[in-house]
>>> print(open('query11.pdb').read())   # PDB, C-alpha atoms, pLDDT in the B column
ATOM      1  CA  MET P   1       5.072  15.125  -0.655  1.00 68.00           C
ATOM      2  CA  ALA P   2       8.685  15.149   0.501  1.00 88.00           C
ATOM      3  CA  ILE P   3      10.405  11.778   0.597  1.00 94.00           C
ATOM      4  CA  PRO P   4      10.855  10.690   4.214  1.00 97.00           C
ATOM      5  CA  ASN P   5      14.452  10.299   5.369  1.00 97.00           C
ATOM      6  CA  SER P   6      13.887   9.353   8.999  1.00 98.00           C
ATOM      7  CA  LYS P   7      11.671   7.153  11.101  1.00 98.00           C
ATOM      8  CA  GLN P   8       9.599  10.118  12.317  1.00 98.00           C
ATOM      9  CA  GLU P   9       9.188  11.526   8.811  1.00 98.00           C
ATOM     10  CA  LEU P  10       8.025   8.102   7.594  1.00 98.00           C
ATOM     11  CA  VAL P  11       5.486   7.769  10.407  1.00 98.00           C
ATOM     12  CA  ASP P  12       4.256  11.320   9.760  1.00 98.00           C
ATOM     13  CA  ALA P  13       3.961  10.663   6.009  1.00 98.00           C
ATOM     14  CA  ILE P  14       1.978   7.469   6.534  1.00 98.00           C
ATOM     15  CA  ASN P  15      -0.324   8.981   9.147  1.00 98.00           C
ATOM     16  CA  GLY P  16      -0.834  12.207   7.213  1.00 98.00           C
ATOM     17  CA  THR P  17      -1.595  10.663   3.825  1.00 98.00           C
ATOM     18  CA  TYR P  18      -3.767   7.988   5.421  1.00 98.00           C
ATOM     19  CA  ALA P  19      -5.854  10.586   7.290  1.00 98.00           C
ATOM     20  CA  LYS P  20      -6.397  12.599   4.103  1.00 98.00           C
ATOM     21  CA  LEU P  21      -7.313   9.443   2.195  1.00 98.00           C
ATOM     22  CA  MET P  22      -9.873   8.518   4.857  1.00 98.00           C
ATOM     23  CA  GLN P  23     -11.484  11.958   4.510  1.00 98.00           C
ATOM     24  CA  GLU P  24     -12.027  11.322   0.795  1.00 98.00           C
ATOM     25  CA  LEU P  25     -13.219   7.753   1.328  1.00 98.00           C
ATOM     26  CA  ALA P  26     -15.811   9.002   3.811  1.00 98.00           C
ATOM     27  CA  ARG P  27     -17.372  10.962   0.939  1.00 97.00           C
ATOM     28  CA  VAL P  28     -17.849   7.879  -1.284  1.00 98.00           C
ATOM     29  CA  PRO P  29     -21.527   6.957  -1.624  1.00 97.00           C
ATOM     30  CA  PRO P  30     -21.763   3.311  -0.441  1.00 95.00           C
ATOM     31  CA  THR P  31     -24.002   2.479  -3.393  1.00 96.00           C
ATOM     32  CA  LEU P  32     -21.115   3.327  -5.760  1.00 97.00           C
ATOM     33  CA  ALA P  33     -18.331   1.491  -3.906  1.00 98.00           C
ATOM     34  CA  ARG P  34     -18.329  -1.467  -6.313  1.00 97.00           C
ATOM     35  CA  ASP P  35     -19.006   0.482  -9.525  1.00 97.00           C
ATOM     36  CA  PRO P  36     -16.003   0.706 -11.910  1.00 97.00           C
ATOM     37  CA  VAL P  37     -15.704   4.492 -11.693  1.00 96.00           C
ATOM     38  CA  LEU P  38     -11.905   4.939 -11.526  1.00 96.00           C
ATOM     39  CA  GLU P  39      -9.138   4.393 -14.045  1.00 90.00           C
ATOM     40  CA  GLY P  40      -7.624   0.974 -13.368  1.00 89.00           C
ATOM     41  CA  GLN P  41      -4.017   0.131 -12.586  1.00 87.00           C
ATOM     42  CA  VAL P  42      -3.754  -1.400 -16.081  1.00 86.00           C
ATOM     43  CA  ALA P  43      -4.152   0.993 -19.010  1.00 86.00           C
ATOM     44  CA  GLY P  44      -7.611   0.860 -20.511  1.00 90.00           C
ATOM     45  CA  THR P  45      -9.261  -0.776 -17.496  1.00 92.00           C
ATOM     46  CA  ARG P  46     -11.629   0.513 -14.846  1.00 95.00           C
ATOM     47  CA  MET P  47     -11.752  -0.237 -11.145  1.00 96.00           C
ATOM     48  CA  SER P  48     -14.093   0.405  -8.267  1.00 98.00           C
ATOM     49  CA  VAL P  49     -13.364   2.179  -5.009  1.00 98.00           C
ATOM     50  CA  CYS P  50     -13.334  -1.273  -3.389  1.00 98.00           C
ATOM     51  CA  ASP P  51     -10.724  -2.388  -5.943  1.00 98.00           C
ATOM     52  CA  LEU P  52      -8.646   0.661  -5.038  1.00 98.00           C
ATOM     53  CA  LEU P  53      -8.891  -0.303  -1.376  1.00 98.00           C
ATOM     54  CA  ALA P  54      -7.988  -3.906  -2.255  1.00 98.00           C
ATOM     55  CA  TYR P  55      -4.887  -2.580  -4.029  1.00 98.00           C
ATOM     56  CA  LEU P  56      -3.838  -0.631  -0.932  1.00 98.00           C
ATOM     57  CA  VAL P  57      -4.548  -3.553   1.398  1.00 98.00           C
ATOM     58  CA  GLY P  58      -2.691  -5.898  -0.928  1.00 98.00           C
ATOM     59  CA  TRP P  59       0.476  -3.806  -0.950  1.00 98.00           C
ATOM     60  CA  ASN P  60       0.383  -3.113   2.790  1.00 98.00           C
ATOM     61  CA  GLU P  61      -0.055  -6.804   3.564  1.00 98.00           C
ATOM     62  CA  LEU P  62       2.648  -7.722   1.052  1.00 98.00           C
ATOM     63  CA  VAL P  63       5.168  -5.525   2.882  1.00 98.00           C
ATOM     64  CA  LEU P  64       4.156  -7.231   6.127  1.00 98.00           C
ATOM     65  CA  HIS P  65       4.624 -10.610   4.414  1.00 98.00           C
ATOM     66  CA  TRP P  66       8.178  -9.693   3.345  1.00 98.00           C
ATOM     67  CA  HIS P  67       9.043  -8.825   6.929  1.00 98.00           C
ATOM     68  CA  ALA P  68       7.361 -11.954   8.288  1.00 98.00           C
ATOM     69  CA  GLN P  69       9.534 -14.035   5.970  1.00 98.00           C
ATOM     70  CA  LEU P  70      12.627 -12.299   7.313  1.00 97.00           C
ATOM     71  CA  ARG P  71      11.486 -12.891  10.916  1.00 97.00           C
ATOM     72  CA  ASP P  72      11.016 -16.553  10.029  1.00 97.00           C
ATOM     73  CA  GLY P  73      14.673 -16.752   9.012  1.00 97.00           C
ATOM     74  CA  GLN P  74      14.450 -16.352   5.261  1.00 97.00           C
ATOM     75  CA  ARG P  75      17.260 -14.373   3.661  1.00 96.00           C
ATOM     76  CA  ILE P  76      16.211 -11.236   1.793  1.00 96.00           C
ATOM     77  CA  GLU P  77      17.910 -12.628  -1.331  1.00 95.00           C
ATOM     78  CA  ASP P  78      15.450 -15.552  -1.259  1.00 96.00           C
ATOM     79  CA  ILE P  79      12.248 -13.497  -0.947  1.00 97.00           C
ATOM     80  CA  ALA P  80      10.222 -13.228  -4.151  1.00 96.00           C
ATOM     81  CA  PHE P  81       9.898  -9.516  -4.826  1.00 97.00           C
ATOM     82  CA  PRO P  82       7.373  -8.094  -5.383  1.00 98.00           C
ATOM     83  CA  ALA P  83       5.428 -11.368  -4.901  1.00 97.00           C
ATOM     84  CA  GLU P  84       5.669 -15.004  -5.910  1.00 96.00           C
ATOM     85  CA  GLY P  85       4.952 -15.274  -9.635  1.00 96.00           C
ATOM     86  CA  PHE P  86       5.154 -11.515 -10.310  1.00 97.00           C
ATOM     87  CA  THR P  87       7.881  -9.185 -11.511  1.00 96.00           C
ATOM     88  CA  TRP P  88       8.317  -5.465 -11.034  1.00 96.00           C
ATOM     89  CA  ASN P  89       7.470  -4.841 -14.694  1.00 94.00           C
ATOM     90  CA  ALA P  90       4.083  -6.599 -14.376  1.00 91.00           C
ATOM     91  CA  LEU P  91       2.543  -4.739 -11.448  1.00 94.00           C
ATOM     92  CA  GLY P  92      -0.778  -4.315 -13.244  1.00 93.00           C
ATOM     93  CA  LYS P  93      -1.270  -8.070 -13.076  1.00 93.00           C
ATOM     94  CA  LEU P  94      -0.454  -7.999  -9.370  1.00 97.00           C
ATOM     95  CA  ALA P  95      -3.031  -5.228  -8.895  1.00 96.00           C
ATOM     96  CA  GLN P  96      -5.624  -7.395 -10.632  1.00 94.00           C
ATOM     97  CA  ARG P  97      -4.743 -10.258  -8.295  1.00 96.00           C
ATOM     98  CA  PHE P  98      -5.316  -7.962  -5.331  1.00 97.00           C
ATOM     99  CA  TYR P  99      -8.742  -7.013  -6.739  1.00 96.00           C
ATOM    100  CA  ALA P 100      -9.628 -10.701  -7.028  1.00 97.00           C
ATOM    101  CA  ASP P 101      -8.195 -11.634  -3.619  1.00 97.00           C
ATOM    102  CA  TYR P 102     -10.445  -9.124  -1.860  1.00 97.00           C
ATOM    103  CA  ALA P 103     -13.454  -9.176  -4.202  1.00 97.00           C
ATOM    104  CA  GLU P 104     -15.727 -10.713  -1.570  1.00 97.00           C
ATOM    105  CA  LEU P 105     -15.087  -7.949   0.968  1.00 97.00           C
ATOM    106  CA  GLY P 106     -17.295  -4.873   1.192  1.00 97.00           C
ATOM    107  CA  MET P 107     -16.015  -1.361   1.633  1.00 98.00           C
ATOM    108  CA  ASP P 108     -16.306  -1.411   5.435  1.00 98.00           C
ATOM    109  CA  ASP P 109     -14.340  -4.663   5.686  1.00 98.00           C
ATOM    110  CA  LEU P 110     -11.684  -3.341   3.316  1.00 98.00           C
ATOM    111  CA  LEU P 111     -11.382  -0.129   5.328  1.00 98.00           C
ATOM    112  CA  GLN P 112     -10.968  -2.148   8.514  1.00 98.00           C
ATOM    113  CA  ARG P 113      -8.362  -4.403   6.917  1.00 98.00           C
ATOM    114  CA  LEU P 114      -6.443  -1.392   5.572  1.00 98.00           C
ATOM    115  CA  GLU P 115      -6.403   0.256   8.989  1.00 98.00           C
ATOM    116  CA  GLN P 116      -5.194  -2.962  10.583  1.00 98.00           C
ATOM    117  CA  ALA P 117      -2.389  -3.375   8.036  1.00 98.00           C
ATOM    118  CA  LYS P 118      -1.370   0.285   8.366  1.00 98.00           C
ATOM    119  CA  ASN P 119      -1.227  -0.076  12.164  1.00 98.00           C
ATOM    120  CA  GLN P 120       0.884  -3.233  11.856  1.00 98.00           C
ATOM    121  CA  LEU P 121       3.253  -1.371   9.542  1.00 98.00           C
ATOM    122  CA  LEU P 122       3.529   1.483  12.036  1.00 98.00           C
ATOM    123  CA  ALA P 123       4.392  -1.073  14.727  1.00 98.00           C
ATOM    124  CA  LEU P 124       6.998  -2.581  12.391  1.00 98.00           C
ATOM    125  CA  ILE P 125       8.509   0.863  11.829  1.00 98.00           C
ATOM    126  CA  ASP P 126       8.466   1.522  15.579  1.00 98.00           C
ATOM    127  CA  SER P 127      10.520  -1.638  16.131  1.00 98.00           C
ATOM    128  CA  HIS P 128      13.374  -0.240  14.010  1.00 98.00           C
ATOM    129  CA  ASP P 129      15.625   2.775  14.431  1.00 98.00           C
ATOM    130  CA  ASP P 130      16.703   5.353  11.847  1.00 98.00           C
ATOM    131  CA  ALA P 131      19.877   3.416  11.025  1.00 98.00           C
ATOM    132  CA  GLN P 132      17.895   0.237  10.286  1.00 98.00           C
ATOM    133  CA  LEU P 133      15.265   2.102   8.279  1.00 98.00           C
ATOM    134  CA  TYR P 134      17.512   4.491   6.363  1.00 98.00           C
ATOM    135  CA  GLY P 135      21.169   3.681   7.091  1.00 97.00           C
ATOM    136  CA  GLN P 136      21.836   1.015   4.476  1.00 97.00           C
ATOM    137  CA  PRO P 137      20.300  -0.617   1.422  1.00 97.00           C
ATOM    138  CA  TRP P 138      17.650  -3.183   2.289  1.00 97.00           C
ATOM    139  CA  TYR P 139      16.380  -4.371  -1.093  1.00 97.00           C
ATOM    140  CA  THR P 140      18.734  -3.657  -4.015  1.00 96.00           C
ATOM    141  CA  HIS P 141      19.647   0.008  -3.478  1.00 97.00           C
ATOM    142  CA  TYR P 142      16.474   0.948  -1.570  1.00 97.00           C
ATOM    143  CA  THR P 143      16.404   1.348   2.183  1.00 98.00           C
ATOM    144  CA  MET P 144      13.791  -0.413   4.296  1.00 98.00           C
ATOM    145  CA  GLY P 145      12.111   2.902   5.013  1.00 98.00           C
ATOM    146  CA  ARG P 146      11.909   3.754   1.324  1.00 98.00           C
ATOM    147  CA  MET P 147      10.396   0.362   0.459  1.00 98.00           C
ATOM    148  CA  ILE P 148       7.772   0.844   3.170  1.00 98.00           C
ATOM    149  CA  GLN P 149       7.021   4.374   1.945  1.00 98.00           C
ATOM    150  CA  PHE P 150       6.695   3.144  -1.675  1.00 97.00           C
ATOM    151  CA  ASN P 151       3.881   0.860  -0.545  1.00 97.00           C
ATOM    152  CA  THR P 152       2.066   3.004   2.037  1.00 98.00           C
ATOM    153  CA  ALA P 153       2.265   6.810   1.962  1.00 98.00           C
ATOM    154  CA  SER P 154       2.863   7.065  -1.801  1.00 97.00           C
ATOM    155  CA  PRO P 155      -0.081   4.895  -2.868  1.00 97.00           C
ATOM    156  CA  TYR P 156      -2.300   6.497  -0.208  1.00 98.00           C
ATOM    157  CA  ALA P 157      -1.577   9.891  -1.777  1.00 97.00           C
ATOM    158  CA  ASN P 158      -2.153   8.540  -5.290  1.00 96.00           C
ATOM    159  CA  ALA P 159      -5.445   6.947  -4.241  1.00 97.00           C
ATOM    160  CA  ARG P 160      -6.583  10.215  -2.675  1.00 97.00           C
ATOM    161  CA  THR P 161      -5.848  12.083  -5.917  1.00 96.00           C
ATOM    162  CA  ARG P 162      -7.868   9.544  -7.927  1.00 95.00           C
ATOM    163  CA  LEU P 163     -10.774   9.722  -5.498  1.00 97.00           C
ATOM    164  CA  ARG P 164     -10.819  13.529  -5.357  1.00 96.00           C
ATOM    165  CA  ALA P 165     -10.940  13.770  -9.148  1.00 95.00           C
ATOM    166  CA  TRP P 166     -13.818  11.294  -9.350  1.00 96.00           C
ATOM    167  CA  LEU P 167     -15.749  12.796  -6.408  1.00 97.00           C
ATOM    168  CA  LYS P 168     -15.693  16.197  -8.159  1.00 96.00           C
ATOM    169  CA  THR P 169     -17.762  14.629 -10.952  1.00 94.00           C
ATOM    170  CA  LEU P 170     -20.595  13.591  -8.628  1.00 92.00           C
TER     171      LEU P 170
END
>>> encode(input="query11.pdb", output="structure tokens")
Amino acid sequence: MAIPNSKQELVDAINGTYAKLMQELARVPPTLARDPVLEGQVAGTRMSVCDLLAYLVGWNELVLHWHAQLRDGQRIEDIAFPAEGFTWNALGKLAQRFYADYAELGMDDLLQRLEQAKNQLLALIDSHDDAQLYGQPWYTHYTMGRMIQFNTASPYANARTRLRAWLKTL
């Protein structure tokens, strides 16, 4: 997947990878949705398809949370990245928190929540122009568009790869 460098490329990347991911998710037998059939985000652990969805929802909603904090007047320098109590070198622990946060939701609810978050992110992208998304650093040296892509299109593609490999074993 080419790295998006414009608003339209970002929208296309999100929509394209999301659509392909949904095709794979439609093939998941509902009776296996909570079985730990996939390699986990932490080495040596296993996760379920629902955990994978929780991971995607968690990151999508986290990006929305960053932007909500900015809208509420918080300076970007004061936002806890990636999340309060977590560092970039401990993302496996954050993944496990996402699994726990959404553990009570079934696959259908997780799919609905993911679609809602993805649509909110597309609306967020639509409210910005290319210069805002890609014209200057937003967080450290990353542009806003790149940070959104890191947490939408890229993990959608990764999730699809994991699912395809597992579905071939069924």
>>> residues_around(input="query11.pdb", residues="segment 9-11 of chain P", least_positions_apart="4", cutoff="10 Å", atoms="all atoms listed in the file", output="PyMOL selection string")
chain P and resi 2-5+15-16+121-123+125-126+133+145-146+148-149+152-153
>>> closest_residue(input="query11.pdb", among="P:Tyr139, P:Leu170, P:Leu105, P:Ala165", to="Trp66 of chain P", atoms="all atoms listed in the file")
P:Tyr139
>>> resolve_selection(input="query11.pdb", expression="the PyMOL selection byres ((chain P and resi 39-52) around 12)", output="PyMOL selection string")
chain P and resi 21+24-38+53-59+89-111+113-114+155-156+158-167
>>> atom_distance(input="query11.pdb", atom1="atom CA of Thr140 of chain P", atom2="atom CA of Asp12 of chain P")
25.0 Å
>>> atom_distance(input="query11.pdb", atom1="atom CA of Leu124 of chain P", atom2="atom CA of Val63 of chain P")
10.1 Å
>>> closest_residue(input="query11.pdb", among="P:Ile76, P:Ala19, P:Leu62, P:Ala13", to="Pro137 of chain P", atoms="all atoms listed in the file")
P:Ile76
>>> atom_distance(input="query11.pdb", atom1="atom CA of Ala68 of chain P", atom2="atom CA of Ser127 of chain P")
13.3 Å
>>> closest_residue(input="query11.pdb", among="P:Glu115, P:Thr17, P:Trp138, P:Glu61", to="Glu77 of chain P", atoms="only C-alpha atoms")
P:Trp138
>>> closest_residue(input="query11.pdb", among="P:Gln69, P:Ser154, P:Thr169, P:Gln120", to="Ile14 of chain P", atoms="all atoms listed in the file")
P:Ser154
>>> closest_residue(input="query11.pdb", among="P:Trp88, P:Lys168, P:Met22, P:Lys7", to="Gln112 of chain P", atoms="all atoms listed in the file")
P:Met22
